[in-house]
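See below for input39.cif, which holds mmCIF, C-alpha atoms.
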```cif
data_data
loop_
_atom_site.label_atom_id
_atom_site.label_comp_id
_atom_site.auth_asym_id
_atom_site.auth_seq_id
_atom_site.Cartn_x
_atom_site.Cartn_y
_atom_site.Cartn_z
CA MET A 66 122.85 1.84 248.38
CA GLN A 67 122.60 5.55 249.21
CA ASN A 68 125.16 7.49 251.21
CA TYR A 69 123.85 7.82 254.78
CA GLU A 70 126.81 9.75 256.13
CA VAL A 71 125.87 12.44 258.59
CA MET A 72 127.72 15.69 258.08
CA ASP A 73 128.65 17.60 261.23
CA ILE A 74 128.01 21.26 260.56
CA THR A 75 128.86 24.54 262.23
CA LEU A 76 126.37 27.13 263.45
CA LYS A 77 127.07 29.16 260.29
CA GLN A 78 126.39 26.14 258.05
CA GLN A 79 123.23 25.41 260.02
CA LYS A 80 122.05 28.94 259.33
CA ILE A 81 122.93 28.56 255.62
CA ILE A 82 120.85 25.37 255.21
CA SER A 83 117.90 26.58 257.33
CA ASP A 84 116.43 28.55 254.41
CA PRO A 85 113.53 26.48 252.95
CA LEU A 86 114.61 27.13 249.34
CA ARG A 87 118.14 25.99 250.14
CA GLY A 88 116.68 22.85 251.69
CA GLN A 89 114.86 22.17 248.43
CA ILE A 90 118.08 22.71 246.48
CA ILE A 91 120.01 20.31 248.73
CA SER A 92 117.28 17.69 248.40
CA LEU A 93 117.17 18.01 244.63
CA LEU A 94 120.95 17.94 244.18
CA ALA A 95 121.15 14.83 246.38
CA GLU A 96 119.16 12.99 243.71
CA LYS A 97 121.43 13.92 240.80
CA PRO A 98 124.02 16.56 239.87
CA MET A 99 122.61 19.61 238.08
CA THR A 100 123.60 23.06 236.94
CA SER A 101 122.09 26.09 238.64
CA LYS A 102 119.91 26.67 235.53
CA GLN A 103 118.63 23.08 235.54
CA THR A 104 117.91 23.41 239.27
CA ALA A 105 116.02 26.65 238.69
CA VAL A 106 113.88 25.05 235.98
CA GLU A 107 113.14 22.03 238.18
CA LEU A 108 112.11 24.28 241.11
CA GLY A 109 110.29 26.84 238.95
CA LYS A 110 112.46 29.67 240.30
CA ASN A 111 114.52 32.53 238.86
CA PRO A 112 117.92 31.24 237.65
CA GLY A 113 119.76 34.19 239.23
CA THR A 114 118.21 33.46 242.62
CA ILE A 115 119.09 29.77 242.42
CA TYR A 116 122.65 30.58 241.28
CA TYR A 117 123.09 32.79 244.37
CA HIS A 118 121.84 30.07 246.74
CA ILE A 119 123.93 27.35 245.10
CA LYS A 120 127.00 29.59 245.35
CA GLN A 121 126.35 30.09 249.09
CA LEU A 122 125.82 26.36 249.69
CA TYR A 123 129.00 25.56 247.74
CA GLU A 124 131.10 28.17 249.52
CA HIS A 125 129.97 26.82 252.90
CA GLY A 126 130.81 23.21 252.05
CA ILE A 127 127.27 21.83 251.72
CA LEU A 128 127.48 21.26 247.96
CA GLU A 129 130.41 20.06 245.90
CA LEU A 130 131.31 20.38 242.24
CA ASP A 131 130.51 17.08 240.52
CA HIS A 132 131.83 17.87 237.05
CA VAL A 133 132.19 20.62 234.44
CA GLU A 134 131.04 20.46 230.82
CA THR A 135 131.66 22.94 228.01
CA VAL A 136 128.74 23.20 225.59
CA LYS A 137 129.15 25.56 222.60
CA GLY A 138 131.80 27.50 224.49
CA ILE A 139 129.67 27.84 227.66
CA VAL A 140 131.04 26.30 230.85
CA GLU A 141 128.36 24.40 232.78
CA LYS A 142 129.11 23.44 236.38
CA TYR A 143 127.21 20.49 237.81
CA TYR A 144 126.79 20.53 241.59
CA LYS A 145 125.70 17.79 243.96
CA ALA A 146 124.84 17.71 247.65
CA LYS A 147 127.45 16.09 249.88
CA THR A 148 124.64 14.58 251.95
CA THR A 149 121.11 15.30 253.12
CA LEU A 150 121.83 14.29 256.72
CA PHE A 151 123.21 17.02 258.96
CA ARG A 152 124.08 17.22 262.66
CA GLY A 153 124.31 20.74 263.98
CA PRO A 154 126.01 21.89 267.15
CA GLY A 155 123.84 21.38 270.23
CA GLY A 156 121.06 19.47 268.48
CA ILE A 157 117.39 20.31 268.73
CA GLY A 158 115.78 21.58 271.91
CA GLU A 159 113.85 18.87 273.76
CA GLU A 160 110.67 20.95 273.65
CA HIS A 161 110.55 20.55 269.86
CA ARG A 162 111.47 16.89 269.66
CA VAL A 163 108.80 14.33 268.87
CA LYS A 164 109.54 11.16 270.74
CA ASN A 165 108.45 7.91 269.19
CA ARG A 166 110.60 4.97 270.08
CA VAL A 167 110.07 1.42 268.95
CA PRO A 168 112.40 -1.36 270.05
CA LEU A 169 113.24 -3.71 267.17
CA TYR A 170 115.47 -6.74 266.91
CA LEU A 171 117.04 -6.70 263.44
CA SER A 172 119.72 -8.59 261.58
CA ASP A 173 122.39 -6.60 259.73
CA THR A 174 120.52 -7.26 256.47
CA LEU A 175 117.21 -6.02 257.87
CA MET A 176 118.96 -2.97 259.34
CA ASP A 177 120.39 -2.12 255.91
CA ASP A 178 116.97 -2.63 254.29
CA MET A 179 115.27 -0.38 256.85
CA GLN A 180 117.84 2.37 256.41
CA GLU A 181 117.39 2.25 252.64
CA GLU A 182 113.58 2.43 252.95
CA MET A 183 113.75 5.29 255.47
CA TYR A 184 116.07 7.24 253.19
CA GLU A 185 113.71 6.67 250.25
CA LEU A 186 110.77 7.81 252.41
CA PHE A 187 112.61 11.03 253.33
CA LYS A 188 113.37 11.63 249.62
CA LYS A 189 109.71 11.00 248.74
CA TYR A 190 108.50 13.61 251.21
CA GLY A 191 111.25 15.98 250.11
CA LYS A 192 109.82 15.80 246.58
CA LYS A 193 106.28 16.30 247.89
CA ALA A 194 107.41 19.32 249.89
CA ARG A 195 109.02 20.88 246.80
CA ALA A 196 105.76 20.42 244.88
CA ASP A 197 103.59 21.75 247.73
CA LYS A 198 103.60 25.52 247.28
CA THR A 199 101.85 25.95 250.65
CA ALA A 200 104.58 24.15 252.65
CA LYS A 201 105.93 26.61 255.21
CA ILE A 202 106.78 24.60 258.33
CA PRO A 203 110.53 24.08 258.71
CA CYS A 204 111.14 20.52 259.78
CA ILE A 205 114.18 18.49 260.71
CA VAL A 206 113.62 14.76 260.56
CA GLU A 207 116.02 12.84 262.70
CA PHE A 208 116.50 9.11 262.31
CA SER A 209 118.92 7.33 264.57
CA ILE A 210 119.65 3.76 265.45
CA THR A 211 120.82 2.93 268.93
CA GLU A 212 122.03 -0.53 269.72
CA ILE A 213 120.70 -1.54 273.11
CA GLN A 214 123.03 -3.53 275.32
CA GLU A 215 121.07 -6.09 277.30
CA ASP A 216 122.00 -6.82 280.90
CA LYS A 217 123.43 -10.35 280.90
CA ASN A 218 122.82 -10.80 284.66
CA GLU A 219 119.05 -10.97 284.35
#
```
Target encoding structure tokens, full file:
Amino acid sequence: MQNYEVMDITLKQQKIISDPLRGQIISLLAEKPMTSKQTAVELGKNPGTIYYHIKQLYEHGILELDHVETVKGIVEKYYKAKTTLFRGPGGIGEEHRVKNRVPLYLSDTLMDDMQEEMYELFKKYGKKARADKTAKIPCIVEFSITEIQEDKNE
């Protein structure tokens, strides 16, 4: 099962991850650890540009070093995203929030299944967004589960 931990971030970190290219990098490095060169190839971008963005994400605690390999005397650093789920200070303004609420009654097993499928759906659209060269709308997708306490007096 995937890691669904939400990372609380500062205003500075929120600014760091708000860049669309950095969002693509985070999404890609959540799938598997890669070097900055491998990431650049995957995204079809300049390796120097990707190195700069990975360095910024690493320095601000969004990425972590997974492992280091030495190939023919060259040190290759493999980075991975700590998570793809972030909670910034203050949240999103209500005027920008889409409200769709559906009450469901789920067992623990169904809840786990739904979370796994939602995470896979977010990853799927992350991949589609990376491939779509016309994608320009910044989007934060928020998925939360709230357990509703029923009034026992009714």
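With atom CA of Arg87 of chain A on one side and atom CA of Val136 of chain A on the other, the separation reads 26.9 Å.
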Point-to-point distance in Å for atom CA of Gly153 of chain A and atom CA of Leu76 of chain A: 6.7 Å
Nearby residues, (117.5, 24.2, 238.7) file frame, 12 Å, all atoms listed in the file, as a count of residues only: 35
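Of note, atom CA of Glu181 of chain A and atom CA of Tyr123 of chain A are spaced 26.5 Å apart.
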Expected residue set, 12 Å radius at (125.4, 24.1, 257.4), all atoms listed in the file, as a ChimeraX atom specification: /A:71-84,87-88,91,121-128,146-154
